[in-house]
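Data from start-v6.txt: compact mmCIF, C-alpha atoms and all ligand atoms
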# COMPACT_ATOMS: atom_id res chain seq x y z
CA MET A 72 -10.14 11.79 12.23
CA ARG A 73 -8.79 9.10 9.93
CA LYS A 74 -6.93 6.30 11.69
CA LYS A 75 -3.44 5.95 10.27
CA VAL A 76 -2.28 2.77 8.58
CA ILE A 77 1.35 1.68 8.85
CA ALA A 78 1.94 -1.01 6.25
CA ALA A 79 5.01 -3.13 5.57
CA ASN A 80 5.69 -4.16 1.98
CA TRP A 81 8.31 -6.90 2.16
CA LYS A 82 8.58 -7.16 -1.63
CA MET A 83 10.65 -10.24 -2.62
CA TYR A 84 12.31 -10.74 0.75
CA LYS A 85 12.02 -13.42 3.45
CA THR A 86 11.21 -17.12 3.59
CA PRO A 87 8.30 -18.45 5.67
CA HIS A 88 10.76 -19.22 8.48
CA GLN A 89 12.17 -15.67 8.40
CA ALA A 90 8.66 -14.24 8.30
CA LYS A 91 7.77 -16.10 11.50
CA GLU A 92 11.00 -14.92 13.14
CA PHE A 93 10.15 -11.34 12.21
CA VAL A 94 6.66 -11.54 13.70
CA ASP A 95 7.91 -13.21 16.89
CA SER A 96 10.37 -10.41 17.45
CA PHE A 97 8.03 -7.59 16.28
CA LEU A 98 5.00 -8.65 18.34
CA PRO A 99 6.18 -7.44 21.75
CA HIS A 100 6.41 -3.94 20.21
CA ALA A 101 2.96 -4.13 18.66
CA TRP A 102 0.88 -5.51 21.53
CA GLY A 103 -1.60 -2.95 22.69
CA HIS A 104 -0.76 -0.55 19.87
CA THR A 105 -4.17 0.70 18.86
CA ARG A 106 -3.36 4.23 17.67
CA ASP A 107 -2.63 2.99 14.13
CA GLU A 108 -3.59 0.00 12.01
CA ILE A 109 -0.61 -2.24 11.27
CA VAL A 110 -0.51 -4.28 8.06
CA ILE A 111 2.23 -6.66 6.91
CA CYS A 112 2.36 -7.65 3.23
CA PRO A 113 4.72 -10.61 2.81
CA PRO A 114 5.49 -12.56 -0.36
CA PHE A 115 2.69 -15.02 -1.22
CA VAL A 116 4.44 -18.12 0.15
CA CYS A 117 5.01 -16.40 3.52
CA ILE A 118 1.38 -15.38 4.03
CA PRO A 119 0.25 -18.46 6.01
CA ALA A 120 3.30 -18.40 8.32
CA THR A 121 2.97 -14.65 8.89
CA ALA A 122 -0.77 -14.85 9.50
CA GLU A 123 -0.37 -17.72 11.92
CA ALA A 124 2.40 -16.03 13.88
CA ALA A 125 0.41 -12.77 14.06
CA GLN A 126 -2.88 -14.39 15.06
CA GLY A 127 -4.72 -12.52 17.80
CA SER A 128 -2.32 -9.56 17.70
CA GLY A 129 -4.50 -7.24 15.64
CA ILE A 130 -1.85 -7.08 12.91
CA ALA A 131 -3.48 -7.41 9.50
CA ILE A 132 -1.93 -9.36 6.63
CA GLY A 133 -1.98 -8.29 2.99
CA GLY A 134 -0.98 -9.75 -0.35
CA GLN A 135 1.32 -7.78 -2.66
CA ASP A 136 -0.83 -8.36 -5.74
CA LEU A 137 -3.79 -10.38 -6.96
CA TYR A 138 -5.35 -11.42 -10.26
CA TRP A 139 -8.85 -10.26 -11.17
CA GLU A 140 -10.31 -13.59 -12.31
CA GLN A 141 -11.99 -15.81 -9.76
CA GLU A 142 -10.13 -18.95 -10.82
CA GLY A 143 -8.99 -20.66 -14.00
CA ALA A 144 -6.03 -21.61 -16.13
CA TYR A 145 -3.85 -18.59 -15.22
CA THR A 146 -0.47 -20.08 -14.34
CA SER A 147 1.19 -18.35 -11.37
CA ALA A 148 -1.76 -16.05 -10.67
CA ILE A 149 -3.29 -15.68 -7.20
CA SER A 150 -6.96 -14.83 -6.68
CA ALA A 151 -8.64 -12.67 -4.06
CA HIS A 152 -10.28 -15.76 -2.62
CA MET A 153 -6.91 -17.53 -2.25
CA LEU A 154 -5.45 -14.53 -0.45
CA MET A 155 -8.35 -14.43 1.98
CA ALA A 156 -8.22 -18.17 2.59
CA ALA A 157 -4.53 -17.80 3.43
CA GLY A 158 -5.22 -15.10 6.02
CA CYS A 159 -5.20 -11.79 4.14
CA THR A 160 -7.54 -8.88 4.71
CA HIS A 161 -5.61 -6.40 2.54
CA VAL A 162 -3.90 -6.39 -0.85
CA ILE A 163 -1.46 -4.00 -2.50
CA ILE A 164 -2.45 -3.10 -6.07
CA GLY A 165 -0.49 -1.26 -8.74
CA HIS A 166 2.84 -0.93 -6.97
CA SER A 167 5.30 0.92 -9.20
CA GLU A 168 7.53 -2.17 -9.33
CA ARG A 169 4.58 -4.11 -10.78
CA ARG A 170 4.03 -1.28 -13.26
CA GLN A 171 7.74 -1.08 -14.14
CA TYR A 172 8.77 -4.76 -14.32
CA PHE A 173 5.52 -6.69 -14.82
CA SER A 174 3.55 -4.61 -17.33
CA GLU A 175 0.90 -3.48 -14.86
CA THR A 176 -1.21 -0.75 -16.43
CA ASP A 177 -3.83 1.68 -15.17
CA ASP A 178 -6.42 -0.62 -16.69
CA THR A 179 -5.19 -3.78 -14.91
CA VAL A 180 -5.05 -1.78 -11.68
CA ASN A 181 -8.73 -0.93 -12.18
CA ARG A 182 -9.65 -4.59 -12.79
CA LYS A 183 -7.73 -5.72 -9.73
CA LEU A 184 -9.24 -2.97 -7.60
CA LYS A 185 -12.76 -3.93 -8.58
CA ARG A 186 -12.08 -7.58 -7.80
CA ALA A 187 -10.50 -6.82 -4.43
CA LEU A 188 -13.49 -4.70 -3.43
CA SER A 189 -16.09 -7.21 -4.56
CA ALA A 190 -14.25 -9.98 -2.70
CA GLY A 191 -14.03 -7.93 0.50
CA LEU A 192 -10.29 -7.30 0.53
CA LYS A 193 -9.08 -3.85 1.54
CA PRO A 194 -7.01 -2.57 -1.37
CA ILE A 195 -3.88 -0.45 -0.96
CA VAL A 196 -3.66 1.22 -4.37
CA CYS A 197 -0.27 2.70 -5.28
CA VAL A 198 0.17 5.73 -7.51
CA GLY A 199 3.11 8.01 -8.11
CA GLU A 200 5.23 9.75 -10.69
CA VAL A 201 8.71 8.92 -12.01
CA ILE A 202 11.45 11.53 -11.77
CA GLN A 203 11.14 12.65 -15.41
CA GLU A 204 7.45 13.30 -14.86
CA ARG A 205 8.13 15.33 -11.72
CA GLU A 206 10.86 17.35 -13.44
CA ALA A 207 8.57 18.03 -16.38
CA GLY A 208 5.89 19.34 -14.03
CA LEU A 209 3.58 16.44 -14.84
CA THR A 210 3.08 15.03 -11.33
CA ASP A 211 -0.52 16.20 -10.91
CA GLU A 212 -1.48 15.04 -14.38
CA VAL A 213 0.04 11.58 -13.81
CA LEU A 214 -1.72 11.19 -10.47
CA ARG A 215 -5.02 12.31 -11.96
CA ARG A 216 -4.71 9.80 -14.79
CA GLN A 217 -3.66 6.91 -12.52
CA CYS A 218 -6.48 7.61 -10.05
CA GLY A 219 -9.09 8.40 -12.70
CA ILE A 220 -8.60 5.06 -14.45
CA ALA A 221 -8.16 3.07 -11.21
CA PHE A 222 -11.48 4.42 -9.89
CA ARG A 223 -13.52 3.73 -13.06
CA ASP A 224 -16.85 1.95 -12.59
CA ILE A 225 -16.59 1.90 -8.80
CA SER A 226 -19.41 3.46 -6.81
CA GLY A 227 -19.04 5.66 -3.75
CA GLY A 228 -20.55 2.94 -1.61
CA GLU A 229 -18.00 0.40 -2.78
CA ALA A 230 -15.05 2.74 -2.45
CA ILE A 231 -14.97 3.29 1.32
CA PRO A 232 -12.40 0.52 2.08
CA ILE A 233 -9.94 1.87 -0.48
CA ILE A 234 -6.56 2.92 0.92
CA MET A 235 -4.40 4.94 -1.46
CA ALA A 236 -0.61 5.09 -1.31
CA TYR A 237 1.29 7.97 -2.88
CA GLU A 238 4.68 6.55 -3.74
CA PRO A 239 6.82 8.87 -5.84
CA VAL A 240 8.89 6.35 -7.78
CA TRP A 241 12.08 8.42 -7.38
CA ALA A 242 11.79 8.09 -3.59
CA ILE A 243 11.51 4.30 -3.49
CA GLY A 244 14.63 2.60 -2.17
CA THR A 245 16.72 5.70 -2.88
CA GLY A 246 16.88 7.32 0.54
CA LYS A 247 15.18 10.39 -0.96
CA THR A 248 11.80 11.30 0.46
CA ALA A 249 9.24 13.71 -0.82
CA THR A 250 9.19 16.76 1.40
CA PRO A 251 6.08 16.88 3.58
CA GLU A 252 4.88 19.74 1.34
CA MET A 253 5.32 17.68 -1.87
CA ALA A 254 3.50 14.76 -0.27
CA GLY A 255 0.77 17.08 0.98
CA GLU A 256 0.21 18.49 -2.53
CA ALA A 257 0.12 15.05 -4.13
CA HIS A 258 -2.27 13.77 -1.48
CA ALA A 259 -4.60 16.67 -2.16
CA VAL A 260 -4.66 15.78 -5.87
CA ILE A 261 -5.45 12.14 -5.05
CA ARG A 262 -8.22 13.14 -2.64
CA ALA A 263 -9.70 15.50 -5.23
CA GLU A 264 -9.81 12.64 -7.75
CA ALA A 265 -11.49 10.42 -5.14
CA ALA A 266 -14.04 13.18 -4.52
CA LYS A 267 -14.73 13.45 -8.24
CA ALA A 268 -15.27 9.69 -8.54
CA PHE A 269 -16.93 8.83 -5.23
CA GLY A 270 -18.24 12.08 -3.77
CA GLU A 271 -16.83 14.36 -1.10
CA GLY A 272 -18.17 12.33 1.83
CA VAL A 273 -16.40 9.13 0.78
CA ALA A 274 -13.23 10.92 -0.30
CA THR A 275 -12.71 12.40 3.16
CA GLN A 276 -12.80 8.89 4.66
CA ILE A 277 -10.20 7.37 2.32
CA ARG A 278 -6.77 7.00 3.88
CA ILE A 279 -3.84 8.18 1.75
CA LEU A 280 -0.49 6.74 2.80
CA TYR A 281 2.94 8.00 1.85
CA GLY A 282 5.62 5.56 0.65
CA GLY A 283 9.22 6.06 -0.43
CA SER A 284 12.20 5.77 1.93
CA VAL A 285 10.16 6.05 5.13
CA LYS A 286 12.63 5.38 7.96
CA PRO A 287 12.52 5.59 11.75
CA ASP A 288 14.18 9.02 11.63
CA ASN A 289 11.76 10.66 9.19
CA ALA A 290 8.53 8.88 10.16
CA LYS A 291 7.47 11.44 12.75
CA ALA A 292 7.83 14.44 10.44
CA LEU A 293 5.90 12.71 7.68
CA MET A 294 3.19 11.34 9.96
CA SER A 295 2.55 14.73 11.53
CA GLN A 296 1.31 16.09 8.20
CA PRO A 297 -2.49 16.22 8.42
CA GLU A 298 -2.87 14.97 4.82
CA ILE A 299 -0.65 11.90 5.40
CA ASP A 300 -2.72 9.04 6.79
CA GLY A 301 0.06 6.53 7.26
CA ALA A 302 3.02 4.92 5.55
CA LEU A 303 3.79 2.12 3.14
CA VAL A 304 7.27 1.00 4.12
CA GLY A 305 9.64 -1.11 2.05
CA GLY A 306 13.26 -1.55 3.14
CA ALA A 307 12.83 -0.31 6.71
CA SER A 308 9.99 -2.78 7.32
CA LEU A 309 12.27 -5.82 6.93
CA ASP A 310 13.84 -5.38 10.34
CA PRO A 311 11.48 -5.75 13.31
CA LYS A 312 13.16 -3.03 15.36
CA SER A 313 13.13 -0.46 12.60
CA PHE A 314 9.53 -1.26 11.62
CA ALA A 315 8.55 -1.02 15.30
CA ALA A 316 10.24 2.38 15.52
CA ILE A 317 8.22 3.58 12.52
CA VAL A 318 4.99 2.23 13.97
CA LYS A 319 5.74 4.17 17.16
CA TYR A 320 6.80 7.33 15.26
P1 LIG A 401 11.25 1.86 0.43
O1 LIG A 401 10.66 2.15 1.80
O2 LIG A 401 12.29 0.77 0.46
O3 LIG A 401 11.70 3.10 -0.25
O4 LIG A 401 10.06 1.25 -0.45
C1 LIG A 401 8.86 1.92 -0.52
C2 LIG A 401 7.88 1.06 -1.19
O5 LIG A 401 7.98 0.79 -2.37
C3 LIG A 401 6.78 0.50 -0.37
O6 LIG A 401 5.82 -0.09 -1.17
Conversion result in structure tokens:
Amino acid sequence: MRKKVIAANWKMYKTPHQAKEFVDSFLPHAWGHTRDEIVICPPFVCIPATAEAAQGSGIAIGGQDLYWEQEGAYTSAISAHMLMAAGCTHVIIGHSERRQYFSETDDTVNRKLKRALSAGLKPIVCVGEVIQEREAGLTDEVLRRQCGIAFRDISGGEAIPIIMAYEPVWAIGTGKTATPEMAGEAHAVIRAEAAKAFGEGVATQIRILYGGSVKPDNAKALMSQPEIDGALVGGASLDPKSFAAIVKY
């Protein structure tokens, strides 16, 4: 039985002060919650404040991106080591907004994934199709390509910490969710790619989250799908009560 992961992606929202306020008000809901793993991914500058406020609670902290080099003259870039020193154990890689607005490619996702794994960060790797791809019947092909390239040159032994997130781009921030059946089919494609790259034994251990308009009122239906191993939550994770309601689906 794979333990579910409920992860908050705050995107470009909240100041350090607001991050601390969130954690202070969310914590009473999260104490003693051991059924699922809870991860909060704040903007870089909020990581120390969030990590400090969450200390001892069991809530894990993640970055929203990283750069693959160890250090160097790479203005604005953040390394795996910096994330860990600031309190992160997880990192989101390849979010569709990075792909859409910041030229992230399947190849850069692969480089970042390899770096996260070698540094000891647990990667949350996002894949998903845009609406035109779904309408053209290309969803499986897109997922296979995104996963195939992301998983290149990674061994089965290294791959165990990988968490995948299926985020159909048309469901992000739109209020539309994939039906549990659509998510189930996509998750099966992702798991098959993981099996091809890492072997069946590793692939069955990898958690595959669903992301895209997860809300308190649809969390239960989505989380009861056997193929859905958790959620990556954007908008509804910004409010402590609504994120708590999702965690307690
Ligand atoms: P929403 O929950 O706002 O649709 O965002 C999903 C997402 O992109 C999480 O990474």
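Nearest to Lys267 in chain A of all the residues A:Gly283, A:Gly219, A:Pro239, A:Pro232 is A:Gly219, based on all atoms listed in the file.
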As JSON, please: the centre and edge lengths in Å, to one decimal, of an axis-aligned box enclosing every listed atom of ligand LIG 401 (chain A) with 5 Å added on each side.
{"center_x": 9.1, "center_y": 1.5, "center_z": -0.3, "size_x": 16.5, "size_y": 13.2, "size_z": 14.2}
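Summary of the local environment: counting all atoms listed in the file, residues at most 8 Å from Gly282 in chain A, other than itself and those fewer than 6 positions away along its chain, are Ala236, Tyr237, Glu238, Pro239, Ala242, Ile243, Ala302, Leu303, Val304 and Gly305 of chain A.
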Could you turn the residues from that selection into a file that holds C-alpha atoms, as a compact mmCIF listing (two decimals), in the frame of the given file?
# COMPACT_ATOMS: atom_id res chain seq x y z
CA ALA A 236 -0.61 5.09 -1.31
CA TYR A 237 1.29 7.97 -2.88
CA GLU A 238 4.68 6.55 -3.74
CA PRO A 239 6.82 8.87 -5.84
CA ALA A 242 11.79 8.09 -3.59
CA ILE A 243 11.51 4.30 -3.49
CA ALA A 302 3.02 4.92 5.55
CA LEU A 303 3.79 2.12 3.14
CA VAL A 304 7.27 1.00 4.12
CA GLY A 305 9.64 -1.11 2.05
Exercise for the section: Return as a PyMOL selection string the residues of protein, DNA or RNA that approach ligand LIG 401 (chain A) to within 10 Å, with all atoms listed in the file taken into account. Expected result: chain A and resi 78-82+112+135+163+165-168+195+197+236-248+281-286+302-309
Generate a file of the selected residues that holds C-alpha atoms, formatted as an mmCIF file, in the frame of the given file.
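Wrote it out as again_17.cif, contents follow:
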data_model
loop_
_atom_site.group_PDB
_atom_site.id
_atom_site.type_symbol
_atom_site.label_atom_id
_atom_site.label_comp_id
_atom_site.auth_asym_id
_atom_site.auth_seq_id
_atom_site.Cartn_x
_atom_site.Cartn_y
_atom_site.Cartn_z
ATOM 1 C CA ALA A 78 1.940 -1.010 6.250
ATOM 2 C CA ALA A 79 5.010 -3.130 5.570
ATOM 3 C CA ASN A 80 5.690 -4.160 1.980
ATOM 4 C CA TRP A 81 8.310 -6.900 2.160
ATOM 5 C CA LYS A 82 8.580 -7.160 -1.630
ATOM 6 C CA CYS A 112 2.360 -7.650 3.230
ATOM 7 C CA GLN A 135 1.320 -7.780 -2.660
ATOM 8 C CA ILE A 163 -1.460 -4.000 -2.500
ATOM 9 C CA GLY A 165 -0.490 -1.260 -8.740
ATOM 10 C CA HIS A 166 2.840 -0.930 -6.970
ATOM 11 C CA SER A 167 5.300 0.920 -9.200
ATOM 12 C CA GLU A 168 7.530 -2.170 -9.330
ATOM 13 C CA ILE A 195 -3.880 -0.450 -0.960
ATOM 14 C CA CYS A 197 -0.270 2.700 -5.280
ATOM 15 C CA ALA A 236 -0.610 5.090 -1.310
ATOM 16 C CA TYR A 237 1.290 7.970 -2.880
ATOM 17 C CA GLU A 238 4.680 6.550 -3.740
ATOM 18 C CA PRO A 239 6.820 8.870 -5.840
ATOM 19 C CA VAL A 240 8.890 6.350 -7.780
ATOM 20 C CA TRP A 241 12.080 8.420 -7.380
ATOM 21 C CA ALA A 242 11.790 8.090 -3.590
ATOM 22 C CA ILE A 243 11.510 4.300 -3.490
ATOM 23 C CA GLY A 244 14.630 2.600 -2.170
ATOM 24 C CA THR A 245 16.720 5.700 -2.880
ATOM 25 C CA GLY A 246 16.880 7.320 0.540
ATOM 26 C CA LYS A 247 15.180 10.390 -0.960
ATOM 27 C CA THR A 248 11.800 11.300 0.460
ATOM 28 C CA TYR A 281 2.940 8.000 1.850
ATOM 29 C CA GLY A 282 5.620 5.560 0.650
ATOM 30 C CA GLY A 283 9.220 6.060 -0.430
ATOM 31 C CA SER A 284 12.200 5.770 1.930
ATOM 32 C CA VAL A 285 10.160 6.050 5.130
ATOM 33 C CA LYS A 286 12.630 5.380 7.960
ATOM 34 C CA ALA A 302 3.020 4.920 5.550
ATOM 35 C CA LEU A 303 3.790 2.120 3.140
ATOM 36 C CA VAL A 304 7.270 1.000 4.120
ATOM 37 C CA GLY A 305 9.640 -1.110 2.050
ATOM 38 C CA GLY A 306 13.260 -1.550 3.140
ATOM 39 C CA ALA A 307 12.830 -0.310 6.710
ATOM 40 C CA SER A 308 9.990 -2.780 7.320
ATOM 41 C CA LEU A 309 12.270 -5.820 6.930
#
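The spacing separating CA of Ile202 in chain A from CA of Tyr320 in chain A amounts to 27.7 Å.
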Handout entry: Interatomic distance (Å, one decimal) between CA of Met72 in chain A and CA of Glu298 in chain A
Key = 10.9 Å
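CA of Met83 in chain A is found 23.3 Å from CA of Glu140 in chain A.
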Exercise for the section: Show which residues sit within 12 Å of Asp136 in chain A, as a VMD selection string. Count all atoms listed in the file, and ignore same-chain residues fewer than 3 positions away. Expected result: chain A and resid 80 82 112 to 115 133 139 147 to 151 153 to 154 159 161 to 170 173 175 179 to 180 182 to 184 186 to 187 192 to 197
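Within the 7 Å cut-off around Gly227 in chain A, using all atoms listed in the file and omitting residues fewer than 6 positions from it on the same chain, the listed residues are A:Phe269, A:Gly270, A:Val273.
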Practice task
Skip Ile225 in chain A itself and residues of its chain fewer than 3 positions away, then list as a PyMOL selection string all residues within 10 Å of it, counting all atoms listed in the file.
Solution key: chain A and resi 181+184-185+188+221-222+228-230+268-269
Handout entry: Pick from A:Tyr145, A:Ala125, A:Pro287, A:Val116 nearest to Phe97 in chain A, counting only C-alpha atoms
Key = A:Ala125
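Using all atoms listed in the file, the nearest neighbour of Ala259 in chain A within the list A:Asp211, A:Asp288, A:Glu200, A:Asp224 is A:Asp211.
Each of A:Lys74, A:Gln296, A:Glu256, A:Ile234 was checked against Ala274 in chain A using only C-alpha atoms; the smallest atom-to-atom distance is that of A:Ile234.
Distances here use all atoms listed in the file; by that measure, the residue among A:Thr275, A:Thr146, A:Ser96, A:Thr86 closest to Ala315 in chain A is A:Ser96.
Closest approach to Arg106 in chain A from the set A:Arg205, A:Lys75, A:Lys91, A:His152 is made by A:Lys75, with distances taken over only C-alpha atoms.
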Take range 180-194 of chain A, model N, CA and C atoms, and hand the result over as a PDB file, keeping the file's coordinate frame.
ATOM      1  N   VAL A 180      -4.854  -2.235 -13.064  1.00  0.00           N
ATOM      2  CA  VAL A 180      -5.050  -1.780 -11.680  1.00  0.00           C
ATOM      3  C   VAL A 180      -6.548  -1.650 -11.389  1.00  0.00           C
ATOM      4  N   ASN A 181      -7.278  -1.087 -12.341  1.00  0.00           N
ATOM      5  CA  ASN A 181      -8.730  -0.930 -12.180  1.00  0.00           C
ATOM      6  C   ASN A 181      -9.427  -2.292 -12.045  1.00  0.00           C
ATOM      7  N   ARG A 182      -9.029  -3.255 -12.872  1.00  0.00           N
ATOM      8  CA  ARG A 182      -9.650  -4.590 -12.790  1.00  0.00           C
ATOM      9  C   ARG A 182      -9.362  -5.244 -11.444  1.00  0.00           C
ATOM     10  N   LYS A 183      -8.121  -5.112 -11.010  1.00  0.00           N
ATOM     11  CA  LYS A 183      -7.730  -5.720  -9.730  1.00  0.00           C
ATOM     12  C   LYS A 183      -8.439  -5.036  -8.569  1.00  0.00           C
ATOM     13  N   LEU A 184      -8.577  -3.715  -8.674  1.00  0.00           N
ATOM     14  CA  LEU A 184      -9.240  -2.970  -7.600  1.00  0.00           C
ATOM     15  C   LEU A 184     -10.701  -3.395  -7.478  1.00  0.00           C
ATOM     16  N   LYS A 185     -11.358  -3.524  -8.627  1.00  0.00           N
ATOM     17  CA  LYS A 185     -12.760  -3.930  -8.580  1.00  0.00           C
ATOM     18  C   LYS A 185     -12.908  -5.325  -7.976  1.00  0.00           C
ATOM     19  N   ARG A 186     -11.999  -6.217  -8.344  1.00  0.00           N
ATOM     20  CA  ARG A 186     -12.080  -7.580  -7.800  1.00  0.00           C
ATOM     21  C   ARG A 186     -11.818  -7.572  -6.295  1.00  0.00           C
ATOM     22  N   ALA A 187     -10.810  -6.852  -5.866  1.00  0.00           N
ATOM     23  CA  ALA A 187     -10.500  -6.820  -4.430  1.00  0.00           C
ATOM     24  C   ALA A 187     -11.716  -6.328  -3.654  1.00  0.00           C
ATOM     25  N   LEU A 188     -12.342  -5.269  -4.142  1.00  0.00           N
ATOM     26  CA  LEU A 188     -13.490  -4.700  -3.430  1.00  0.00           C
ATOM     27  C   LEU A 188     -14.661  -5.668  -3.405  1.00  0.00           C
ATOM     28  N   SER A 189     -14.923  -6.317  -4.539  1.00  0.00           N
ATOM     29  CA  SER A 189     -16.090  -7.210  -4.560  1.00  0.00           C
ATOM     30  C   SER A 189     -15.828  -8.437  -3.693  1.00  0.00           C
ATOM     31  N   ALA A 190     -14.560  -8.815  -3.540  1.00  0.00           N
ATOM     32  CA  ALA A 190     -14.250  -9.980  -2.700  1.00  0.00           C
ATOM     33  C   ALA A 190     -14.219  -9.624  -1.216  1.00  0.00           C
ATOM     34  N   GLY A 191     -14.094  -8.333  -0.903  1.00  0.00           N
ATOM     35  CA  GLY A 191     -14.030  -7.930   0.500  1.00  0.00           C
ATOM     36  C   GLY A 191     -12.626  -7.743   1.027  1.00  0.00           C
ATOM     37  N   LEU A 192     -11.660  -7.622   0.111  1.00  0.00           N
ATOM     38  CA  LEU A 192     -10.290  -7.300   0.530  1.00  0.00           C
ATOM     39  C   LEU A 192     -10.118  -5.788   0.553  1.00  0.00           C
ATOM     40  N   LYS A 193      -9.339  -5.284   1.511  1.00  0.00           N
ATOM     41  CA  LYS A 193      -9.080  -3.850   1.540  1.00  0.00           C
ATOM     42  C   LYS A 193      -7.872  -3.554   0.650  1.00  0.00           C
ATOM     43  N   PRO A 194      -8.099  -2.808  -0.443  1.00  0.00           N
ATOM     44  CA  PRO A 194      -7.010  -2.570  -1.370  1.00  0.00           C
ATOM     45  C   PRO A 194      -6.126  -1.403  -0.934  1.00  0.00           C
TER      46      PRO A 194
END
